[in-house]
>>> print(open('query-v8.cif').read())   # mmCIF, C-alpha atoms
data_query
#
loop_
_atom_site.group_PDB
_atom_site.id
_atom_site.type_symbol
_atom_site.label_atom_id
_atom_site.label_comp_id
_atom_site.auth_asym_id
_atom_site.auth_seq_id
_atom_site.Cartn_x
_atom_site.Cartn_y
_atom_site.Cartn_z
ATOM 1 C CA MET Y 1093 96.048 -15.521 54.389
ATOM 2 C CA ARG Y 1094 92.539 -14.750 53.348
ATOM 3 C CA GLU Y 1095 90.589 -11.517 53.275
ATOM 4 C CA GLU Y 1096 88.207 -12.875 55.896
ATOM 5 C CA ASP Y 1097 91.154 -13.353 58.264
ATOM 6 C CA MET Y 1098 91.752 -9.599 58.436
ATOM 7 C CA HIS Y 1099 90.787 -7.875 61.670
ATOM 8 C CA ALA Y 1100 89.554 -4.300 62.116
ATOM 9 C CA GLY Y 1101 88.776 -2.083 59.166
ATOM 10 C CA GLY Y 1102 90.215 0.770 57.162
ATOM 11 C CA ASP Y 1103 93.930 1.446 57.122
ATOM 12 C CA SER Y 1104 94.559 1.210 60.845
ATOM 13 C CA SER Y 1105 97.966 0.139 62.078
ATOM 14 C CA ALA Y 1106 96.071 -2.283 64.350
ATOM 15 C CA GLU Y 1107 94.810 -4.210 61.329
ATOM 16 C CA THR Y 1108 96.284 -7.701 61.204
ATOM 17 C CA ILE Y 1109 96.200 -10.805 59.082
ATOM 18 C CA ARG Y 1110 95.959 -14.187 60.728
ATOM 19 C CA VAL Y 1111 98.391 -16.783 59.394
ATOM 20 C CA LEU Y 1112 96.840 -20.240 59.544
ATOM 21 C CA ASN Y 1113 98.492 -23.604 59.039
ATOM 22 C CA PRO Y 1114 96.870 -24.869 55.805
ATOM 23 C CA ALA Y 1115 97.067 -28.495 56.979
ATOM 24 C CA THR Y 1116 95.480 -28.048 60.412
ATOM 25 C CA GLY Y 1117 93.806 -24.639 60.385
ATOM 26 C CA ASP Y 1118 95.706 -23.767 63.567
ATOM 27 C CA LEU Y 1119 96.851 -20.205 64.102
ATOM 28 C CA VAL Y 1120 100.583 -19.888 63.379
ATOM 29 C CA GLY Y 1121 100.778 -16.143 63.992
ATOM 30 C CA GLU Y 1122 99.519 -12.711 63.017
ATOM 31 C CA VAL Y 1123 101.156 -9.996 60.962
ATOM 32 C CA PRO Y 1124 100.294 -6.364 60.311
ATOM 33 C CA ALA Y 1125 98.017 -6.018 57.293
ATOM 34 C CA GLY Y 1126 100.162 -3.259 55.806
ATOM 35 C CA GLY Y 1127 97.579 -0.974 54.247
ATOM 36 C CA THR Y 1128 98.196 2.201 52.290
ATOM 37 C CA ALA Y 1129 99.530 4.172 55.273
ATOM 38 C CA ALA Y 1130 101.947 1.378 56.197
ATOM 39 C CA VAL Y 1131 103.275 1.195 52.636
ATOM 40 C CA ALA Y 1132 103.784 4.963 52.573
ATOM 41 C CA ALA Y 1133 105.621 4.774 55.910
ATOM 42 C CA ALA Y 1134 107.817 1.934 54.596
ATOM 43 C CA VAL Y 1135 108.724 3.908 51.470
ATOM 44 C CA ASP Y 1136 109.500 6.991 53.584
ATOM 45 C CA ALA Y 1137 111.739 4.885 55.851
ATOM 46 C CA ALA Y 1138 113.473 3.363 52.808
ATOM 47 C CA GLU Y 1139 114.096 6.848 51.370
ATOM 48 C CA THR Y 1140 115.563 7.988 54.681
ATOM 49 C CA ALA Y 1141 117.782 4.898 54.916
ATOM 50 C CA LEU Y 1142 118.900 5.255 51.299
ATOM 51 C CA ALA Y 1143 120.920 8.402 51.937
ATOM 52 C CA GLY Y 1144 123.328 6.687 54.319
ATOM 53 C CA TRP Y 1145 123.196 3.237 52.718
ATOM 54 C CA ALA Y 1146 124.027 4.398 49.172
ATOM 55 C CA LYS Y 1147 127.067 6.321 50.395
ATOM 56 C CA ARG Y 1148 128.402 3.394 52.370
ATOM 57 C CA ASP Y 1149 131.375 2.187 50.437
ATOM 58 C CA PRO Y 1150 132.859 -0.030 49.185
ATOM 59 C CA PRO Y 1151 130.043 -2.397 48.141
ATOM 60 C CA ARG Y 1152 131.839 -5.214 49.963
ATOM 61 C CA GLN Y 1153 131.269 -3.308 53.208
ATOM 62 C CA ARG Y 1154 127.866 -1.982 52.156
ATOM 63 C CA GLY Y 1155 126.120 -5.265 51.551
ATOM 64 C CA GLY Y 1156 128.600 -8.052 51.205
ATOM 65 C CA LYS Y 1157 129.619 -8.294 54.825
ATOM 66 C CA ILE Y 1158 126.020 -8.127 56.033
ATOM 67 C CA LEU Y 1159 124.847 -10.768 53.566
ATOM 68 C CA GLY Y 1160 127.666 -13.127 54.536
ATOM 69 C CA GLU Y 1161 126.723 -12.817 58.196
ATOM 70 C CA GLY Y 1162 123.046 -13.270 57.302
ATOM 71 C CA ALA Y 1163 123.814 -16.523 55.487
ATOM 72 C CA ARG Y 1164 125.773 -17.779 58.502
ATOM 73 C CA ILE Y 1165 122.864 -17.027 60.846
ATOM 74 C CA ILE Y 1166 120.322 -18.642 58.506
ATOM 75 C CA ARG Y 1167 122.440 -21.794 58.373
ATOM 76 C CA THR Y 1168 122.432 -22.028 62.185
ATOM 77 C CA GLN Y 1169 118.625 -21.629 62.279
ATOM 78 C CA THR Y 1170 117.678 -23.788 59.297
ATOM 79 C CA ASP Y 1171 115.583 -26.318 61.233
ATOM 80 C CA ALA Y 1172 113.490 -23.677 63.013
ATOM 81 C CA LEU Y 1173 113.029 -21.629 59.837
ATOM 82 C CA ALA Y 1174 112.041 -24.725 57.821
ATOM 83 C CA ALA Y 1175 109.498 -25.752 60.483
ATOM 84 C CA LEU Y 1176 107.986 -22.252 60.417
ATOM 85 C CA LEU Y 1177 107.828 -22.179 56.606
ATOM 86 C CA THR Y 1178 106.136 -25.593 56.601
ATOM 87 C CA ALA Y 1179 103.629 -24.511 59.252
ATOM 88 C CA GLU Y 1180 102.666 -21.273 57.515
ATOM 89 C CA GLN Y 1181 102.725 -22.432 53.902
ATOM 90 C CA GLY Y 1182 102.127 -26.179 53.957
ATOM 91 C CA LYS Y 1183 105.300 -26.913 52.024
ATOM 92 C CA PRO Y 1184 106.815 -30.335 52.855
ATOM 93 C CA LEU Y 1185 109.585 -29.998 55.439
ATOM 94 C CA HIS Y 1186 112.366 -31.266 53.139
ATOM 95 C CA GLU Y 1187 111.360 -28.684 50.495
ATOM 96 C CA ALA Y 1188 111.260 -25.923 53.105
ATOM 97 C CA ARG Y 1189 114.770 -26.886 54.311
ATOM 98 C CA ASN Y 1190 116.017 -26.843 50.722
ATOM 99 C CA GLU Y 1191 114.459 -23.422 50.053
ATOM 100 C CA ILE Y 1192 116.079 -21.967 53.155
ATOM 101 C CA LEU Y 1193 119.443 -23.706 53.066
ATOM 102 C CA GLY Y 1194 120.024 -24.531 49.400
ATOM 103 C CA GLY Y 1195 118.184 -21.433 48.239
ATOM 104 C CA CYS Y 1196 118.159 -18.409 50.509
ATOM 105 C CA ALA Y 1197 121.456 -18.966 52.351
ATOM 106 C CA ASN Y 1198 123.232 -19.764 49.074
ATOM 107 C CA VAL Y 1199 121.871 -16.606 47.407
ATOM 108 C CA LEU Y 1200 123.089 -14.472 50.318
ATOM 109 C CA GLU Y 1201 126.528 -16.116 50.083
ATOM 110 C CA TYR Y 1202 126.640 -15.588 46.316
ATOM 111 C CA TYR Y 1203 125.964 -11.854 46.583
ATOM 112 C CA HIS Y 1204 128.403 -11.652 49.476
ATOM 113 C CA SER Y 1205 131.066 -13.184 47.210
ATOM 114 C CA VAL Y 1206 130.433 -10.943 44.186
ATOM 115 C CA SER Y 1207 130.005 -7.711 46.137
ATOM 116 C CA GLY Y 1208 133.762 -7.135 46.068
ATOM 117 C CA SER Y 1209 133.808 -7.026 42.275
ATOM 118 C CA ILE Y 1210 131.525 -3.987 41.982
ATOM 119 C CA ARG Y 1211 133.538 -0.946 40.956
ATOM 120 C CA GLY Y 1212 132.417 2.651 41.424
ATOM 121 C CA GLY Y 1213 133.261 4.017 37.991
ATOM 122 C CA GLU Y 1214 135.664 3.634 35.131
ATOM 123 C CA CYS Y 1215 136.862 5.423 32.040
ATOM 124 C CA MET Y 1216 136.933 3.545 28.746
ATOM 125 C CA PRO Y 1217 138.398 4.706 25.454
ATOM 126 C CA LEU Y 1218 135.949 4.889 22.545
ATOM 127 C CA SER Y 1219 138.077 4.651 19.389
ATOM 128 C CA SER Y 1220 137.371 7.905 17.555
ATOM 129 C CA TYR Y 1221 134.960 9.474 20.056
ATOM 130 C CA GLY Y 1222 137.197 10.004 23.074
ATOM 131 C CA LEU Y 1223 136.420 8.560 26.462
ATOM 132 C CA ALA Y 1224 133.291 7.157 28.057
ATOM 133 C CA TYR Y 1225 132.872 7.358 31.789
ATOM 134 C CA VAL Y 1226 130.720 4.675 33.389
ATOM 135 C CA LEU Y 1227 129.399 5.547 36.826
ATOM 136 C CA LYS Y 1228 127.664 2.848 38.824
ATOM 137 C CA GLU Y 1229 125.379 4.309 41.438
ATOM 138 C CA PRO Y 1230 122.191 3.227 43.220
ATOM 139 C CA VAL Y 1231 118.876 3.916 41.516
ATOM 140 C CA GLY Y 1232 116.996 4.558 44.785
ATOM 141 C CA VAL Y 1233 114.192 2.822 46.606
ATOM 142 C CA CYS Y 1234 113.228 -0.470 44.975
ATOM 143 C CA GLY Y 1235 109.915 -2.271 45.399
ATOM 144 C CA ALA Y 1236 109.541 -6.039 45.317
ATOM 145 C CA ILE Y 1237 106.481 -8.269 45.452
ATOM 146 C CA ILE Y 1238 107.191 -11.814 46.574
ATOM 147 C CA PRO Y 1239 105.051 -14.577 45.007
ATOM 148 C CA TRP Y 1240 103.596 -17.465 46.985
ATOM 149 C CA ASN Y 1241 105.527 -20.445 45.658
ATOM 150 C CA MET Y 1242 109.096 -19.855 46.942
ATOM 151 C CA PRO Y 1243 108.785 -16.835 49.226
ATOM 152 C CA VAL Y 1244 112.073 -17.151 51.103
ATOM 153 C CA LEU Y 1245 114.194 -17.874 48.045
ATOM 154 C CA ILE Y 1246 112.597 -15.157 45.921
ATOM 155 C CA PHE Y 1247 112.941 -12.706 48.817
ATOM 156 C CA ALA Y 1248 116.712 -13.317 48.709
ATOM 157 C CA TRP Y 1249 116.807 -13.055 44.898
ATOM 158 C CA LYS Y 1250 115.214 -9.610 45.040
ATOM 159 C CA VAL Y 1251 116.758 -8.111 48.181
ATOM 160 C CA CYS Y 1252 120.414 -9.120 47.817
ATOM 161 C CA PRO Y 1253 121.283 -7.433 44.502
ATOM 162 C CA ALA Y 1254 119.395 -4.288 45.484
ATOM 163 C CA LEU Y 1255 121.295 -3.950 48.769
ATOM 164 C CA VAL Y 1256 124.720 -4.726 47.325
ATOM 165 C CA ALA Y 1257 124.154 -2.118 44.601
ATOM 166 C CA GLY Y 1258 123.382 0.480 47.280
ATOM 167 C CA ASN Y 1259 119.614 0.634 46.937
ATOM 168 C CA SER Y 1260 117.058 0.378 49.705
ATOM 169 C CA ILE Y 1261 114.081 -1.901 49.172
ATOM 170 C CA VAL Y 1262 110.482 -2.289 50.301
ATOM 171 C CA VAL Y 1263 109.223 -5.869 50.112
ATOM 172 C CA LYS Y 1264 105.592 -6.946 49.994
ATOM 173 C CA PRO Y 1265 104.545 -10.579 50.066
ATOM 174 C CA ALA Y 1266 101.688 -11.607 47.798
ATOM 175 C CA SER Y 1267 98.399 -11.702 49.692
ATOM 176 C CA SER Y 1268 98.479 -15.501 49.489
ATOM 177 C CA THR Y 1269 102.022 -15.719 50.882
ATOM 178 C CA PRO Y 1270 102.381 -15.979 54.629
ATOM 179 C CA PRO Y 1271 105.350 -13.764 55.528
ATOM 180 C CA LEU Y 1272 106.414 -15.111 58.948
ATOM 181 C CA THR Y 1273 109.571 -16.900 57.809
ATOM 182 C CA THR Y 1274 110.596 -14.010 55.560
ATOM 183 C CA LEU Y 1275 110.042 -11.545 58.400
ATOM 184 C CA ARG Y 1276 112.176 -13.660 60.718
ATOM 185 C CA ILE Y 1277 114.982 -13.765 58.149
ATOM 186 C CA ALA Y 1278 114.748 -10.027 57.447
ATOM 187 C CA GLY Y 1279 114.787 -9.229 61.159
#
>>> encode(input="query-v8.cif", output="structure tokens")
Amino acid sequence: MREEDMHAGGDSSAETIRVLNPATGDLVGEVPAGGTAAVAAAVDAAETALAGWAKRDPPRQRGGKILGEGARIIRTQTDALAALLTAEQGKPLHEARNEILGGCANVLEYYHSVSGSIRGGECMPLSSYGLAYVLKEPVGVCGAIIPWNMPVLIFAWKVCPALVAGNSIVVKPASSTPPLTTLRIAG
């Protein structure tokens, strides 16, 4: 995605970025440019979602179940997702398959598996000081910028722990990272 591929001007919601296949120059798709107003709207939506998401308990239900189902769906769509990642990024097909299957799906399954071990709070004795109470609660809306080199895998690395811990998250791909495959997985 290059600056010259942007259409329209300003911070209009009609502004898009053309995603071109780096090997052929063919148009793979278009995505919203996501200017300042779009980022503000995404943060507002994440704050709204946070209230219900953070209270959803236990963590196994909050994120674990969803991530397990997400991994299952990704595994059934690996070939299509790998072809899209190759078309938009130029990554060799076998590397794209590995990033999606061996990377992203495995990360979702990992966080699905550990989500059941998150406890809400506990009391611990402190020898001569009394008791310490540890309360694990979400920190709020998280922001993540995804670099260009492994966008699908790094998306999973950032999103999964945030969701399982009860946070909401706003994700922005680097300007050089085509986001079509990540958007398909997130959707």
>>> closest_residue(input="query-v8.cif", among="Y:Glu1229, Y:Gly1279, Y:Val1206, Y:Gly1195", to="Y:Ile1246", atoms="all atoms listed in the file")
Y:Gly1195
>>> residues_around(input="query-v8.cif", residues="stretch 1167-1181 of chain Y", least_positions_apart="6", cutoff="7 Å", atoms="all atoms listed in the file", output="list of chain:residue names")
Y:Val1111, Y:Leu1112, Y:Asn1113, Y:Pro1114, Y:Val1120, Y:Ala1188, Y:Arg1189, Y:Ile1192, Y:Leu1193, Y:Ala1197, Y:Pro1270, Y:Thr1273
>>> atom_distance(input="query-v8.cif", atom1="atom CA of Y:Gly1213", atom2="atom CA of Y:Ala1146")
14.5 Å
>>> closest_residue(input="query-v8.cif", among="Y:Gly1160, Y:Pro1265, Y:Pro1253, Y:Gly1117", to="Y:Gly1182", atoms="only C-alpha atoms")
Y:Gly1117
>>> closest_residue(input="query-v8.cif", among="Y:Gly1258, Y:Pro1151, Y:Gly1194, Y:Gly1144", to="Y:Gly1232", atoms="only C-alpha atoms")
Y:Gly1258
>>> atom_distance(input="query-v8.cif", atom1="atom CA of Y:Lys1264", atom2="atom CA of Y:Phe1247")
9.4 Å
>>> resolve_selection(input="query-v8.cif", expression="the PyMOL selection byres ((chain Y and resi 1243) around 9)", output="list in words")
Glu1191, Ile1238, Pro1239, Trp1240, Asn1241, Met1242, Val1244, Leu1245, Ile1246, Phe1247, Ala1248, Pro1265, Ala1266, Thr1269, Pro1270, Pro1271, Thr1273 and Thr1274 of chain Y
>>> write_last_selection(input="query-v8.cif", atoms="C-alpha atoms", output="PDB file, in the coordinates of the input")
ATOM      1  CA  GLU Y1191     114.459 -23.422  50.053  1.00  0.00           C
ATOM      2  CA  ILE Y1238     107.191 -11.814  46.574  1.00  0.00           C
ATOM      3  CA  PRO Y1239     105.051 -14.577  45.007  1.00  0.00           C
ATOM      4  CA  TRP Y1240     103.596 -17.465  46.985  1.00  0.00           C
ATOM      5  CA  ASN Y1241     105.527 -20.445  45.658  1.00  0.00           C
ATOM      6  CA  MET Y1242     109.096 -19.855  46.942  1.00  0.00           C
ATOM      7  CA  VAL Y1244     112.073 -17.151  51.103  1.00  0.00           C
ATOM      8  CA  LEU Y1245     114.194 -17.874  48.045  1.00  0.00           C
ATOM      9  CA  ILE Y1246     112.597 -15.157  45.921  1.00  0.00           C
ATOM     10  CA  PHE Y1247     112.941 -12.706  48.817  1.00  0.00           C
ATOM     11  CA  ALA Y1248     116.712 -13.317  48.709  1.00  0.00           C
ATOM     12  CA  PRO Y1265     104.545 -10.579  50.066  1.00  0.00           C
ATOM     13  CA  ALA Y1266     101.688 -11.607  47.798  1.00  0.00           C
ATOM     14  CA  THR Y1269     102.022 -15.719  50.882  1.00  0.00           C
ATOM     15  CA  PRO Y1270     102.381 -15.979  54.629  1.00  0.00           C
ATOM     16  CA  PRO Y1271     105.350 -13.764  55.528  1.00  0.00           C
ATOM     17  CA  THR Y1273     109.571 -16.900  57.809  1.00  0.00           C
ATOM     18  CA  THR Y1274     110.596 -14.010  55.560  1.00  0.00           C
TER      19      THR Y1274
END
>>> axis_aligned_box(input="query-v8.cif", around="stretch 1170-1186 of chain Y", padding_each_side="4 Å", output="AutoDock Vina command-line options")
--center_x 109.9 --center_y -26.3 --center_z 57.5 --size_x 23.6 --size_y 18.0 --size_z 19.0
>>> resolve_selection(input="query-v8.cif", expression="the PyMOL selection byres ((chain Y and resi 1141) around 12)", output="list of chain:residue names")
Y:Ala1134, Y:Val1135, Y:Asp1136, Y:Ala1137, Y:Ala1138, Y:Glu1139, Y:Thr1140, Y:Leu1142, Y:Ala1143, Y:Gly1144, Y:Trp1145, Y:Ala1146, Y:Lys1147, Y:Arg1148, Y:Gly1232, Y:Val1233, Y:Leu1255, Y:Gly1258, Y:Asn1259, Y:Ser1260, Y:Ile1261, Y:Val1262
>>> resolve_selection(input="query-v8.cif", expression="the PyMOL selection byres ((chain Y and resi 1214) around 8)", output="PyMOL selection string")
chain Y and resi 1211-1213+1215-1216+1225-1227
>>> closest_residue(input="query-v8.cif", among="Y:Gly1208, Y:Gly1162, Y:Pro1230, Y:Gly1222", to="Y:Arg1276", atoms="all atoms listed in the file")
Y:Gly1162
>>> atom_distance(input="query-v8.cif", atom1="atom CA of Y:Ala1278", atom2="atom CA of Y:Arg1164")
13.5 Å
>>> closest_residue(input="query-v8.cif", among="Y:Cys1196, Y:Leu1185, Y:Val1131, Y:Ile1166", to="Y:Val1251", atoms="all atoms listed in the file")
Y:Cys1196
